[in-house]
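Data from query-v9.cif: mmCIF, C-alpha atoms
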data_input
loop_
_atom_site.label_atom_id
_atom_site.label_comp_id
_atom_site.auth_asym_id
_atom_site.auth_seq_id
_atom_site.Cartn_x
_atom_site.Cartn_y
_atom_site.Cartn_z
CA MET A 1 -33.72 -18.84 5.72
CA SER A 2 -30.97 -16.47 4.56
CA VAL A 3 -27.80 -17.71 2.88
CA ALA A 4 -25.73 -16.49 5.84
CA ASP A 5 -27.93 -18.51 8.21
CA ALA A 6 -27.86 -21.58 5.98
CA ILE A 7 -24.06 -21.85 5.68
CA PRO A 8 -23.41 -22.75 9.37
CA LYS A 9 -26.30 -25.23 9.24
CA ALA A 10 -24.81 -26.83 6.13
CA VAL A 11 -21.40 -27.08 7.82
CA ALA A 12 -23.00 -28.67 10.91
CA ALA A 13 -24.93 -31.16 8.75
CA ALA A 14 -21.74 -32.04 6.88
CA ALA A 15 -19.88 -32.59 10.16
CA LYS A 16 -22.62 -34.94 11.34
CA LEU A 17 -22.43 -36.93 8.09
CA GLN A 18 -18.65 -37.13 8.41
CA ALA A 19 -18.88 -38.33 12.01
CA SER A 20 -21.36 -41.05 11.07
CA GLY A 21 -19.41 -42.13 7.99
CA ALA A 22 -22.45 -41.44 5.81
CA VAL A 23 -20.83 -39.10 3.31
CA ASN A 24 -22.24 -40.63 0.14
CA GLU A 25 -23.64 -38.42 -2.61
CA ALA A 26 -27.30 -39.06 -1.77
CA ASN A 27 -26.83 -37.92 1.84
CA THR A 28 -24.72 -34.96 0.76
CA LYS A 29 -27.51 -33.77 -1.54
CA ALA A 30 -30.34 -34.45 0.91
CA HIS A 31 -28.78 -32.87 4.00
CA VAL A 32 -26.36 -30.23 2.71
CA ILE A 33 -26.84 -29.20 -0.93
CA ASN A 34 -30.65 -29.11 -0.82
CA LEU A 35 -30.45 -26.89 2.25
CA MET A 36 -28.23 -24.39 0.46
CA LEU A 37 -30.24 -24.39 -2.78
CA GLY A 38 -33.41 -23.71 -0.77
CA SER A 39 -31.75 -20.75 0.97
CA LEU A 40 -30.78 -19.42 -2.46
CA GLY A 41 -34.44 -19.33 -3.49
CA TRP A 42 -34.56 -22.49 -5.60
CA ASP A 43 -37.75 -24.35 -4.62
CA LEU A 44 -36.94 -28.06 -4.88
CA SER A 45 -40.63 -28.97 -4.64
CA ASP A 46 -41.50 -27.01 -7.82
CA ILE A 47 -40.78 -28.86 -11.06
CA ASP A 48 -40.97 -25.54 -12.95
CA THR A 49 -38.03 -24.29 -10.87
CA VAL A 50 -35.90 -27.35 -10.12
CA ASP A 51 -35.62 -30.50 -12.23
CA LEU A 52 -33.82 -33.44 -10.57
CA GLU A 53 -31.83 -36.25 -12.19
CA VAL A 54 -32.05 -34.77 -15.67
CA LYS A 55 -31.00 -37.02 -18.53
CA VAL A 56 -28.32 -35.26 -20.61
CA PHE A 57 -26.63 -35.75 -23.97
CA ASP A 58 -24.56 -38.86 -23.23
CA GLY A 59 -27.30 -40.77 -21.46
CA THR A 60 -26.04 -39.92 -17.99
CA PHE A 61 -27.92 -37.86 -15.44
CA LEU A 62 -27.35 -34.33 -14.14
CA ASP A 63 -28.24 -33.75 -10.48
CA TYR A 64 -30.05 -30.40 -10.69
CA ALA A 65 -31.30 -28.16 -13.49
CA LEU A 66 -32.35 -24.80 -12.02
CA LYS A 67 -34.91 -23.09 -14.22
CA LEU A 68 -36.52 -19.72 -14.91
CA ALA A 69 -39.75 -19.57 -16.92
CA GLY A 70 -39.42 -23.31 -17.47
CA ALA A 71 -36.00 -23.06 -19.16
CA PRO A 72 -32.76 -24.26 -17.50
CA ARG A 73 -30.44 -21.41 -16.54
CA LEU A 74 -28.04 -23.07 -14.13
CA PHE A 75 -26.85 -26.69 -13.89
CA VAL A 76 -25.61 -28.09 -10.59
CA GLU A 77 -23.50 -31.25 -10.47
CA ALA A 78 -23.22 -32.74 -6.97
CA LYS A 79 -20.46 -34.89 -5.53
CA SER A 80 -20.17 -36.51 -2.13
CA LEU A 81 -18.58 -34.62 0.75
CA ASP A 82 -15.33 -36.54 0.51
CA GLU A 83 -14.80 -35.95 -3.23
CA LYS A 84 -12.07 -33.53 -4.38
CA LEU A 85 -13.49 -30.99 -6.83
CA ASP A 86 -10.09 -30.33 -8.41
CA ASP A 87 -10.36 -33.61 -10.32
CA LYS A 88 -10.29 -32.59 -14.01
CA LYS A 89 -12.75 -35.36 -14.79
CA PHE A 90 -15.40 -33.74 -12.57
CA VAL A 91 -14.74 -30.27 -14.00
CA ALA A 92 -15.02 -31.50 -17.60
CA GLN A 93 -18.15 -33.50 -16.81
CA THR A 94 -19.93 -30.52 -15.25
CA ILE A 95 -19.01 -28.03 -17.97
CA ASN A 96 -19.80 -30.45 -20.78
CA TYR A 97 -23.24 -31.22 -19.35
CA ALA A 98 -24.11 -27.53 -19.47
CA ASN A 99 -22.30 -26.66 -22.69
CA ASN A 100 -23.98 -29.39 -24.68
CA GLU A 101 -27.41 -28.27 -23.49
CA GLY A 102 -26.72 -24.60 -24.24
CA VAL A 103 -26.68 -23.61 -20.56
CA VAL A 104 -24.16 -20.86 -19.80
CA TRP A 105 -23.73 -21.35 -16.05
CA CYS A 106 -22.93 -24.45 -14.06
CA VAL A 107 -21.90 -25.32 -10.51
CA LEU A 108 -19.75 -28.16 -9.21
CA THR A 109 -20.19 -28.77 -5.48
CA ASN A 110 -19.65 -31.28 -2.70
CA GLY A 111 -21.83 -29.23 -0.36
CA ILE A 112 -18.90 -27.48 1.31
CA ARG A 113 -17.06 -26.17 -1.75
CA TRP A 114 -19.05 -24.43 -4.50
CA ARG A 115 -17.34 -23.74 -7.84
CA VAL A 116 -19.15 -21.63 -10.46
CA TYR A 117 -18.18 -21.94 -14.15
CA LYS A 118 -19.12 -20.00 -17.29
CA THR A 119 -19.27 -22.61 -20.01
CA ASN A 120 -19.13 -20.50 -23.17
CA GLU A 121 -15.84 -18.70 -22.51
CA SER A 122 -13.18 -19.46 -25.13
CA VAL A 123 -10.53 -20.41 -22.59
CA ALA A 124 -9.10 -23.65 -21.23
CA MET A 125 -11.45 -25.76 -19.12
CA ASP A 126 -9.92 -24.84 -15.77
CA GLN A 127 -10.02 -21.12 -16.64
CA LYS A 128 -13.79 -21.14 -17.07
CA LEU A 129 -14.00 -20.99 -13.27
CA LEU A 130 -15.57 -17.67 -12.24
CA PHE A 131 -15.30 -18.04 -8.47
CA GLU A 132 -15.22 -20.54 -5.64
CA VAL A 133 -16.73 -20.44 -2.15
CA ASP A 134 -15.37 -22.79 0.51
CA PHE A 135 -17.39 -23.03 3.73
CA ALA A 136 -14.47 -24.74 5.47
CA ASP A 137 -12.06 -21.84 4.91
CA ALA A 138 -12.09 -19.96 8.22
CA SER A 139 -10.14 -17.05 6.71
CA ASP A 140 -13.15 -16.02 4.60
CA PRO A 141 -15.78 -14.10 6.64
CA LEU A 142 -19.25 -15.63 6.61
CA ALA A 143 -20.81 -12.46 5.19
CA GLU A 144 -18.44 -12.50 2.21
CA LYS A 145 -19.07 -16.18 1.51
CA ALA A 146 -22.80 -15.48 1.54
CA GLN A 147 -22.45 -12.39 -0.65
CA LEU A 148 -20.55 -14.27 -3.33
CA LEU A 149 -22.79 -17.33 -3.22
CA ARG A 150 -25.89 -15.13 -3.62
CA LEU A 151 -24.82 -14.59 -7.23
CA ILE A 152 -26.27 -18.04 -8.00
CA SER A 153 -29.52 -17.33 -6.13
CA ARG A 154 -32.76 -17.43 -8.09
CA ALA A 155 -33.22 -13.68 -7.63
CA ALA A 156 -29.69 -12.84 -8.83
CA VAL A 157 -29.89 -15.12 -11.87
CA GLU A 158 -33.31 -13.73 -12.78
CA ALA A 159 -32.11 -10.13 -12.38
CA GLY A 160 -29.07 -10.77 -14.58
CA GLU A 161 -26.61 -10.14 -11.74
CA LEU A 162 -24.68 -13.35 -12.40
CA ASP A 163 -24.46 -12.54 -16.13
CA ASN A 164 -23.31 -8.99 -15.40
CA PHE A 165 -20.69 -10.15 -12.91
CA GLY A 166 -19.39 -12.74 -15.37
CA GLU A 167 -19.19 -10.14 -18.12
CA ARG A 168 -17.16 -7.77 -15.96
CA VAL A 169 -14.72 -10.49 -15.00
CA PHE A 170 -14.35 -12.44 -18.25
CA THR A 171 -15.04 -9.82 -20.93
CA ASP A 172 -12.86 -7.19 -19.30
CA ALA A 173 -10.01 -9.71 -19.26
CA ARG A 174 -10.52 -10.51 -22.96
CA VAL A 175 -10.65 -6.83 -23.89
CA ARG A 176 -7.43 -6.25 -21.95
CA VAL A 177 -5.73 -9.10 -23.85
CA ALA A 178 -6.98 -7.71 -27.17
CA LEU A 179 -5.68 -4.24 -26.32
CA ASN A 180 -2.35 -5.74 -25.31
CA GLY A 181 -2.14 -7.51 -28.66
CA LEU A 182 -2.95 -4.37 -30.64
CA ALA A 183 -0.46 -2.31 -28.67
CA ALA A 184 2.33 -4.89 -28.64
CA ASN A 185 2.01 -5.44 -32.39
CA GLY A 186 2.12 -1.72 -33.09
CA SER A 187 -1.38 -1.44 -34.56
CA ASP A 188 -1.30 1.50 -36.99
CA ALA A 189 -4.93 2.41 -36.24
CA LEU A 190 -4.34 2.44 -32.48
CA ILE A 191 -1.10 4.45 -32.67
CA GLU A 192 -2.63 6.95 -35.13
CA ALA A 193 -5.71 7.43 -32.93
CA LEU A 194 -3.54 8.03 -29.87
CA THR A 195 -1.22 10.39 -31.75
CA ALA A 196 -4.21 12.46 -32.88
CA ARG A 197 -5.62 12.63 -29.34
CA LEU A 198 -2.26 13.49 -27.76
CA GLY A 199 -1.77 16.55 -29.95
CA PRO A 200 1.42 18.60 -30.00
CA PRO A 201 4.22 18.30 -29.23
CA PRO A 202 4.42 15.03 -31.17
CA VAL A 203 5.28 11.85 -29.25
CA PRO A 204 7.44 9.31 -31.13
CA ARG A 205 5.72 6.06 -32.08
CA ALA A 206 8.18 3.96 -30.04
CA ALA A 207 7.56 6.13 -26.96
CA ILE A 208 3.80 5.63 -27.31
CA THR A 209 4.32 1.88 -27.59
CA ARG A 210 6.52 1.85 -24.48
CA SER A 211 3.88 3.85 -22.62
CA LEU A 212 1.20 1.34 -23.65
CA ALA A 213 3.41 -1.48 -22.42
CA ARG A 214 3.69 0.16 -19.01
CA ILE A 215 -0.03 0.89 -18.77
CA LEU A 216 -1.27 -2.45 -20.12
CA ASP A 217 1.67 -4.51 -18.79
CA PHE A 218 2.98 -6.48 -21.75
CA GLU A 219 6.44 -7.42 -22.97
CA LEU A 220 7.99 -5.31 -25.70
CA PRO A 221 10.38 -6.45 -28.44
CA ALA A 222 13.96 -5.74 -27.39
CA LYS A 223 14.48 -3.18 -30.17
CA ILE A 224 11.89 -0.80 -28.69
CA ALA A 225 11.96 -1.90 -25.05
CA ALA A 226 14.23 1.01 -24.13
CA PRO A 227 14.87 4.45 -25.62
CA ALA A 228 17.92 4.97 -27.78
CA LYS A 229 21.09 5.36 -25.75
CA ALA A 230 21.98 8.90 -24.82
CA SER A 231 25.52 10.22 -24.71
CA ARG A 232 25.47 9.74 -20.94
CA PRO A 233 24.02 6.72 -19.13
CA ALA A 234 20.36 7.17 -18.20
CA VAL A 235 19.60 7.44 -14.51
CA GLY A 236 16.85 5.10 -13.35
CA PRO A 237 15.38 3.85 -10.12
CA PRO A 238 17.51 1.55 -7.97
CA VAL A 239 17.08 -2.13 -8.67
CA PRO A 240 15.17 -4.09 -5.98
CA PRO A 241 16.96 -6.91 -4.13
CA LYS A 242 18.04 -9.75 -6.36
CA GLY A 243 16.15 -13.02 -6.35
CA GLN A 244 14.76 -15.66 -8.64
CA GLU A 245 12.09 -14.23 -10.92
CA TYR A 246 8.96 -16.26 -11.75
CA ALA A 247 6.34 -15.87 -14.47
CA LEU A 248 2.90 -14.55 -13.53
CA VAL A 249 1.38 -17.90 -14.48
CA HIS A 250 3.14 -19.35 -11.44
CA HIS A 251 0.67 -17.40 -9.28
CA LEU A 252 -2.36 -17.07 -11.57
CA GLY A 253 -2.45 -20.34 -13.52
CA SER A 254 -4.96 -22.24 -11.38
CA LYS A 255 -6.95 -19.26 -10.09
CA GLY A 256 -10.53 -18.40 -11.03
CA ALA A 257 -11.40 -15.46 -13.26
CA LEU A 258 -12.52 -13.33 -10.31
CA ILE A 259 -9.15 -13.59 -8.57
CA ARG A 260 -7.25 -13.05 -11.82
CA GLY A 261 -9.35 -9.96 -12.53
CA LEU A 262 -8.78 -8.54 -9.06
CA PHE A 263 -5.04 -9.03 -9.44
CA GLU A 264 -5.02 -7.31 -12.84
CA GLU A 265 -6.78 -4.26 -11.35
CA LEU A 266 -4.35 -4.22 -8.44
CA ASP A 267 -1.32 -4.65 -10.69
CA LYS A 268 -2.43 -1.98 -13.16
CA PHE A 269 -2.97 0.55 -10.35
CA ALA A 270 0.38 -0.18 -8.71
CA LEU A 271 2.36 0.19 -11.93
CA SER A 272 0.54 3.44 -12.77
CA LEU A 273 1.78 5.18 -9.61
CA GLY A 274 5.09 6.24 -11.10
CA ALA A 275 7.99 5.37 -13.38
CA GLU A 276 10.07 4.32 -10.38
CA VAL A 277 7.69 1.47 -9.52
CA SER A 278 8.93 -2.02 -10.34
CA ARG A 279 7.40 -5.43 -9.85
CA ARG A 280 9.23 -8.57 -8.74
CA ILE A 281 7.57 -11.98 -9.00
CA ARG A 282 8.92 -14.32 -6.35
CA LYS A 283 7.94 -17.90 -5.59
CA GLN A 284 5.56 -17.10 -2.73
CA TYR A 285 4.46 -13.54 -3.52
CA ILE A 286 4.56 -10.62 -5.94
CA GLY A 287 6.37 -7.54 -4.65
CA TYR A 288 5.99 -3.89 -5.69
CA PHE A 289 8.94 -1.58 -5.09
CA ARG A 290 9.53 2.15 -5.14
CA GLY A 291 13.23 2.14 -5.79
CA LYS A 292 14.69 -0.35 -3.32
CA LYS A 293 11.80 -0.09 -0.91
CA SER A 294 8.87 -2.51 -1.04
CA PHE A 295 5.61 -0.64 -0.46
CA PHE A 296 3.35 -3.70 -0.74
CA THR A 297 3.39 -7.38 -1.63
CA ALA A 298 0.58 -9.64 -2.83
CA GLU A 299 0.07 -13.32 -2.06
CA ILE A 300 -2.49 -14.78 -4.48
CA GLN A 301 -4.66 -17.52 -3.01
CA GLN A 302 -7.57 -19.46 -4.48
CA ARG A 303 -10.33 -17.27 -3.04
CA ARG A 304 -8.55 -14.05 -2.04
CA ILE A 305 -5.45 -11.93 -2.51
CA ILE A 306 -3.58 -11.15 0.70
CA VAL A 307 -1.88 -7.78 0.44
CA TYR A 308 0.82 -6.78 2.93
CA LEU A 309 1.26 -3.02 3.01
CA GLY A 310 4.32 -1.09 4.15
CA LEU A 311 2.21 0.83 6.67
CA ASP A 312 2.36 0.95 10.46
CA PRO A 313 -0.96 -0.60 11.61
CA ARG A 314 -0.97 1.44 14.82
CA GLY A 315 -3.57 4.17 14.44
CA LEU A 316 -3.90 3.59 10.68
CA GLU A 317 -6.99 5.10 9.05
CA PRO A 318 -9.08 3.93 7.28
CA TRP A 319 -9.18 0.62 9.19
CA ASN A 320 -11.62 -2.03 7.99
CA VAL A 321 -11.86 -4.74 10.65
CA ARG A 322 -13.48 -7.14 8.17
CA ALA A 323 -10.54 -7.01 5.76
CA MET A 324 -7.50 -5.84 7.75
CA ARG A 325 -5.31 -7.01 10.59
CA ASP A 326 -2.04 -6.15 12.28
CA ALA A 327 0.56 -8.53 10.82
CA SER A 328 3.59 -7.05 12.58
CA LYS A 329 3.89 -10.07 14.88
CA ILE A 330 2.57 -12.67 12.43
CA GLY A 331 4.86 -14.73 10.23
CA HIS A 332 3.97 -14.37 6.55
CA PHE A 333 5.42 -14.29 3.06
CA GLY A 334 6.26 -10.92 1.58
CA MET A 335 6.85 -7.61 3.34
CA GLY A 336 4.57 -5.22 5.23
CA ASP A 337 2.98 -4.98 8.68
CA THR A 338 -0.61 -4.24 7.63
CA GLU A 339 -2.53 -7.12 6.06
CA TYR A 340 -5.51 -6.61 3.73
CA SER A 341 -7.66 -9.47 2.38
CA LEU A 342 -9.01 -8.63 -1.08
CA ARG A 343 -11.95 -10.77 -2.20
CA ALA A 344 -14.31 -8.54 -4.20
CA ASN A 345 -14.33 -5.63 -6.64
CA ASP A 346 -16.07 -3.31 -4.18
CA GLN A 347 -12.95 -3.38 -1.98
CA LEU A 348 -10.64 -2.01 -4.68
CA ASP A 349 -11.16 1.70 -3.97
CA GLU A 350 -10.35 1.23 -0.28
CA LEU A 351 -7.26 -0.82 -1.09
CA ARG A 352 -6.07 1.70 -3.69
CA THR A 353 -6.20 4.39 -0.98
CA LEU A 354 -4.03 2.27 1.31
CA ILE A 355 -1.56 1.41 -1.47
CA ASN A 356 -1.26 5.11 -2.30
CA MET A 357 -0.46 5.80 1.35
CA ALA A 358 2.18 3.06 1.40
CA TYR A 359 3.67 4.35 -1.86
CA GLY A 360 4.00 7.83 -0.37
CA CYS A 361 5.76 6.67 2.80
CA LYS A 362 9.47 7.48 2.90
#

With the file now loaded, output its structure as structure tokens.
Amino acid sequence: MSVADAIPKAVAAAAKLQASGAVNEANTKAHVINLMLGSLGWDLSDIDTVDLEVKVFDGTFLDYALKLAGAPRLFVEAKSLDEKLDDKKFVAQTINYANNEGVVWCVLTNGIRWRVYKTNESVAMDQKLLFEVDFADASDPLAEKAQLLRLISRAAVEAGELDNFGERVFTDARVRVALNGLAANGSDALIEALTARLGPPPVPRAAITRSLARILDFELPAKIAAPAKASRPAVGPPVPPKGQEYALVHHLGSKGALIRGLFEELDKFALSLGAEVSRRIRKQYIGYFRGKKSFFTAEIQQRRIIVYLGLDPRGLEPWNVRAMRDASKIGHFGMGDTEYSLRANDQLDELRTLINMAYGCK
């Protein structure tokens, strides 16, 4: 049975358990979680592949240890259907089980929500979340739920696909932070390397630092945040409409690494389009302006980023029916009549094309 076929069956089994009031952990595992693990290629009848009720470091028992060549590669901690996976106690329990046994990957699930964590990342507990799949979220297409969940399949783990995906998401974020730190602190080695590569005419050190701040998106010290005053006032882009400004953490704080990484790619591209682009972080969305005109806004959710583009949806090409819809008559936060749901890295090129179109609209 394929993952895409198994998901509706799991949802139906969960609904039956809910209707009968039999939503305890044992039933959740037997009728929902086991079904999904089987569809992901983990043979529950083979002790060399799946070990059940594994005693761990503190004398308690882990629900599933999924193994390759006899060694555990993925821990799965199960909860009953009615448990809320946001409970920090459950998150800490799951990650600690894996971390203390030297297992990099672990999953916390109640059968309907599946949360995948990378235990050895040097970040806060809640930021070890790589991605989440929620079968109950009707806004996520079935094919995309299945595609993401396949990363914890036996074949994907064995082929290193889960490791590679985690590296792209987590390591790229760490490298970006390290670059930001070097640039913001005026690293002599970095500035000298860039100066040598830029060649003549020479670019002042402060100008290079300001350029890095725009490209990498970090805050500069006030003394170099703007060029020295000219004899006449500098002319800049118009300021977008006034409103209360929020910090990025307001939108990104509780999101998994996949969503944070997607936003960083989106944000970097938008700010690279031109010096007249500005970003405004509002309570419900993040807006990108060319002068006074918003060309797209982003609403960051737990499992996707909803982008509203300043494009007329009528006759718009390219049009991806799986990711786009006409939002001209739909109430929503932000501005723009064409909606795009961003969930995966392979959508970024298509979305960049659309953002470029919106940026170019007058």

Q: Apply the PyMOL selection byres ((chain A and resi 191) around 10) to the structure shown and report the selected residues as number ranges by chain.
A: A: 182-183, 186-190, 192-197, 204-206, 208-209, 212

(Q) One decimal, in Å: what's the spacing between CA of Ser39 in chain A and CA of Phe61 in chain A? (A)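 CA of Phe61 in chain A lies at a distance of 24.0 Å from CA of Ser39 in chain A.
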
Q. When the PyMOL selection byres ((chain A and resi 317) around 12) is applied to the file above, which residues end up in the set, as a PyMOL selection string?
A. chain A and resi 311-316+318-321+324+338+350-351+353-354+357

Q. Within 10 Å of Asp267 in chain A, counting all atoms listed in the file, which residues qualify if same-chain residues fewer than 2 places away don't, as a PyMOL selection string?
A. chain A and resi 215-217+261-265+269-272+279+286+288+298

(Q) So the first atom is CA of Glu144 in chain A and the second is CA of Pro8 in chain A; what is the distance between them in Å, to one decimal place? (A)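 Value for the CA of Glu144 in chain A-CA of Pro8 in chain A distance: 13.5 Å.
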
Just say which residues the PyMOL selection byres ((chain A and resi 290) around 8) picks in this file, as a PDB file with C-alpha atoms, keeping the file's coordinate frame.
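The resulting expr-v4.pdb:
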ATOM      1  CA  PRO A 237      15.380   3.850 -10.120  1.00  0.00           C
ATOM      2  CA  GLU A 276      10.070   4.320 -10.380  1.00  0.00           C
ATOM      3  CA  VAL A 277       7.690   1.470  -9.520  1.00  0.00           C
ATOM      4  CA  SER A 278       8.930  -2.020 -10.340  1.00  0.00           C
ATOM      5  CA  TYR A 288       5.990  -3.890  -5.690  1.00  0.00           C
ATOM      6  CA  PHE A 289       8.940  -1.580  -5.090  1.00  0.00           C
ATOM      7  CA  GLY A 291      13.230   2.140  -5.790  1.00  0.00           C
ATOM      8  CA  LYS A 292      14.690  -0.350  -3.320  1.00  0.00           C
ATOM      9  CA  LYS A 293      11.800  -0.090  -0.910  1.00  0.00           C
ATOM     10  CA  SER A 294       8.870  -2.510  -1.040  1.00  0.00           C
ATOM     11  CA  PHE A 295       5.610  -0.640  -0.460  1.00  0.00           C
ATOM     12  CA  TYR A 359       3.670   4.350  -1.860  1.00  0.00           C
TER      13      TYR A 359
END

Using all atoms listed in the file, determine which residues lie at most 9 Å from Leu85 in chain A, disregarding the query and same-chain residues fewer than 3 positions distant; provide the list as a short mmCIF file (atom, residue, chain, number, x, y, z; two decimals) with C-alpha atoms, in the frame of the given file.
data_model
loop_
_atom_site.label_atom_id
_atom_site.label_comp_id
_atom_site.auth_asym_id
_atom_site.auth_seq_id
_atom_site.Cartn_x
_atom_site.Cartn_y
_atom_site.Cartn_z
CA LYS A 79 -20.46 -34.89 -5.53
CA LYS A 88 -10.29 -32.59 -14.01
CA PHE A 90 -15.40 -33.74 -12.57
CA VAL A 91 -14.74 -30.27 -14.00
CA LEU A 108 -19.75 -28.16 -9.21
CA THR A 109 -20.19 -28.77 -5.48
CA ASN A 110 -19.65 -31.28 -2.70
CA ARG A 113 -17.06 -26.17 -1.75
CA TRP A 114 -19.05 -24.43 -4.50
CA ARG A 115 -17.34 -23.74 -7.84
#

**Q.** Residue nearest Leu68 in chain A among A:Gln301, A:Thr28, A:Thr49, A:Ser139 (counting all atoms listed in the file)
**A.**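 Of the candidates, the smallest distance to Leu68 in chain A is held by A:Thr49.
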
Q: State, in Å with one decimal place, the distance from CA of Met1 in chain A to CA of Leu37 in chain A.
A: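 Here the two named atoms are 10.7 Å from each other.
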
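Between Met335 in chain A and the residues A:Gly41, A:Pro202, A:Gly287, A:Gly111, the shortest atom-to-atom distance, using all atoms listed in the file, involves A:Gly287.
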
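If all atoms listed in the file are the atoms counted, then among A:Ala15, A:Met125, A:Ala146, A:Ile95 the closest residue to Ser2 in chain A is A:Ala146.
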
(Q) Calculated over all atoms listed in the file, which of the candidates A:Ala12, A:Leu198, A:Ile33, A:Leu273 has the smallest distance to Gly360 in chain A? (A)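 When distances to Gly360 in chain A are compared using all atoms listed in the file, the smallest one comes from A:Leu273.
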
Q: Find the residues near Thr119 in chain A: any atom within 9 Å, counting only C-alpha atoms, skip ones fewer than 6 places away on the same chain, and give them as a ChimeraX atom specification.
A: /A:95-96,98-99,102-106,125,128-129

Coordinates of box centre and edge lengths for range 187-201 of chain A, 3 Å on every side, axis-aligned, as JSON:
{"center_x": -0.7, "center_y": 8.6, "center_z": -32.4, "size_x": 15.9, "size_y": 26.0, "size_z": 15.2}

Q.
Given only C-alpha atoms as the basis, pick out the residue of A:Leu309, A:Ala138, A:Ala78, A:Ala358 nearest to Leu52 in chain A.
A.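 The closest residue to Leu52 in chain A is A:Ala78.
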
Q: Using all atoms listed in the file, find the one residue out of A:Leu151, A:Leu74, A:Asp137, A:Ala92 that sits nearest to Leu40 in chain A.
A: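 Among A:Leu151, A:Leu74, A:Asp137, A:Ala92, it is A:Leu151 that comes nearest to Leu40 in chain A.
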
Just want the 10 Å neighbourhood of His250 in chain A, counted on all atoms listed in the file, with same-chain residues fewer than 6 positions away dropped. Output as a compact mmCIF listing (two decimals) with C-alpha atoms, keeping the file's coordinate frame.
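Everything below was put into around_32.txt:
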# COMPACT_ATOMS: atom_id res chain seq x y z
CA ILE A 281 7.57 -11.98 -9.00
CA ARG A 282 8.92 -14.32 -6.35
CA LYS A 283 7.94 -17.90 -5.59
CA GLN A 284 5.56 -17.10 -2.73
CA TYR A 285 4.46 -13.54 -3.52

Q: In the coordinate frame of the file, compute which residues have an atom within 10 Å of (-22.8, -25.3, 8.4) when using only C-alpha atoms, and state them as a ChimeraX atom specification.
A: /A:4-15,32,35-36,111-112,135-136

Q: Anything within 10 Å of (-9.7, -14.1, -8.8): list those residues as a list in words, counting all atoms listed in the file and sticking to the file's coordinates.
A: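 Residues with an atom at most 10 Å from (-9.7, -14.1, -8.8): Leu129, Leu130, Phe131, Glu132, Val169, Leu252, Ser254, Lys255, Gly256, Ala257, Leu258, Ile259, Arg260, Gly261, Leu262, Phe263, Glu264, Ile300, Gln301, Gln302, Arg303, Arg304, Ile305, Leu342, Arg343, Ala344 and Asn345 of chain A.
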
Mind completing range 96-109 of chain A with N, CA and C atoms? Output as a PDB file, keeping the file's coordinate frame, please?
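Once written, result.pdb looks like this:
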ATOM      1  N   ASN A  96     -19.258 -29.838 -19.563  1.00  0.00           N
ATOM      2  CA  ASN A  96     -19.800 -30.450 -20.780  1.00  0.00           C
ATOM      3  C   ASN A  96     -21.296 -30.679 -20.690  1.00  0.00           C
ATOM      4  N   TYR A  97     -21.797 -31.077 -19.528  1.00  0.00           N
ATOM      5  CA  TYR A  97     -23.240 -31.220 -19.350  1.00  0.00           C
ATOM      6  C   TYR A  97     -23.952 -29.931 -19.749  1.00  0.00           C
ATOM      7  N   ALA A  98     -23.460 -28.815 -19.210  1.00  0.00           N
ATOM      8  CA  ALA A  98     -24.110 -27.530 -19.470  1.00  0.00           C
ATOM      9  C   ALA A  98     -23.879 -27.065 -20.902  1.00  0.00           C
ATOM     10  N   ASN A  99     -22.648 -27.165 -21.362  1.00  0.00           N
ATOM     11  CA  ASN A  99     -22.300 -26.660 -22.690  1.00  0.00           C
ATOM     12  C   ASN A  99     -23.104 -27.354 -23.778  1.00  0.00           C
ATOM     13  N   ASN A 100     -23.256 -28.642 -23.651  1.00  0.00           N
ATOM     14  CA  ASN A 100     -23.980 -29.390 -24.680  1.00  0.00           C
ATOM     15  C   ASN A 100     -25.472 -29.144 -24.661  1.00  0.00           C
ATOM     16  N   GLU A 101     -25.987 -28.594 -23.564  1.00  0.00           N
ATOM     17  CA  GLU A 101     -27.410 -28.270 -23.490  1.00  0.00           C
ATOM     18  C   GLU A 101     -27.647 -26.772 -23.686  1.00  0.00           C
ATOM     19  N   GLY A 102     -26.580 -26.031 -24.007  1.00  0.00           N
ATOM     20  CA  GLY A 102     -26.720 -24.600 -24.240  1.00  0.00           C
ATOM     21  C   GLY A 102     -26.945 -23.782 -22.979  1.00  0.00           C
ATOM     22  N   VAL A 103     -26.519 -24.317 -21.829  1.00  0.00           N
ATOM     23  CA  VAL A 103     -26.680 -23.610 -20.560  1.00  0.00           C
ATOM     24  C   VAL A 103     -25.348 -22.935 -20.218  1.00  0.00           C
ATOM     25  N   VAL A 104     -25.393 -21.635 -19.978  1.00  0.00           N
ATOM     26  CA  VAL A 104     -24.160 -20.860 -19.800  1.00  0.00           C
ATOM     27  C   VAL A 104     -23.496 -21.124 -18.463  1.00  0.00           C
ATOM     28  N   TRP A 105     -24.288 -21.275 -17.405  1.00  0.00           N
ATOM     29  CA  TRP A 105     -23.730 -21.350 -16.050  1.00  0.00           C
ATOM     30  C   TRP A 105     -23.874 -22.730 -15.445  1.00  0.00           C
ATOM     31  N   CYS A 106     -22.847 -23.175 -14.745  1.00  0.00           N
ATOM     32  CA  CYS A 106     -22.930 -24.450 -14.060  1.00  0.00           C
ATOM     33  C   CYS A 106     -22.137 -24.402 -12.763  1.00  0.00           C
ATOM     34  N   VAL A 107     -22.508 -25.274 -11.838  1.00  0.00           N
ATOM     35  CA  VAL A 107     -21.900 -25.320 -10.510  1.00  0.00           C
ATOM     36  C   VAL A 107     -21.457 -26.747 -10.228  1.00  0.00           C
ATOM     37  N   LEU A 108     -20.262 -26.875  -9.700  1.00  0.00           N
ATOM     38  CA  LEU A 108     -19.750 -28.160  -9.210  1.00  0.00           C
ATOM     39  C   LEU A 108     -19.600 -28.025  -7.703  1.00  0.00           C
ATOM     40  N   THR A 109     -20.246 -28.911  -6.930  1.00  0.00           N
ATOM     41  CA  THR A 109     -20.190 -28.770  -5.480  1.00  0.00           C
ATOM     42  C   THR A 109     -20.195 -30.118  -4.769  1.00  0.00           C
TER      43      THR A 109
END
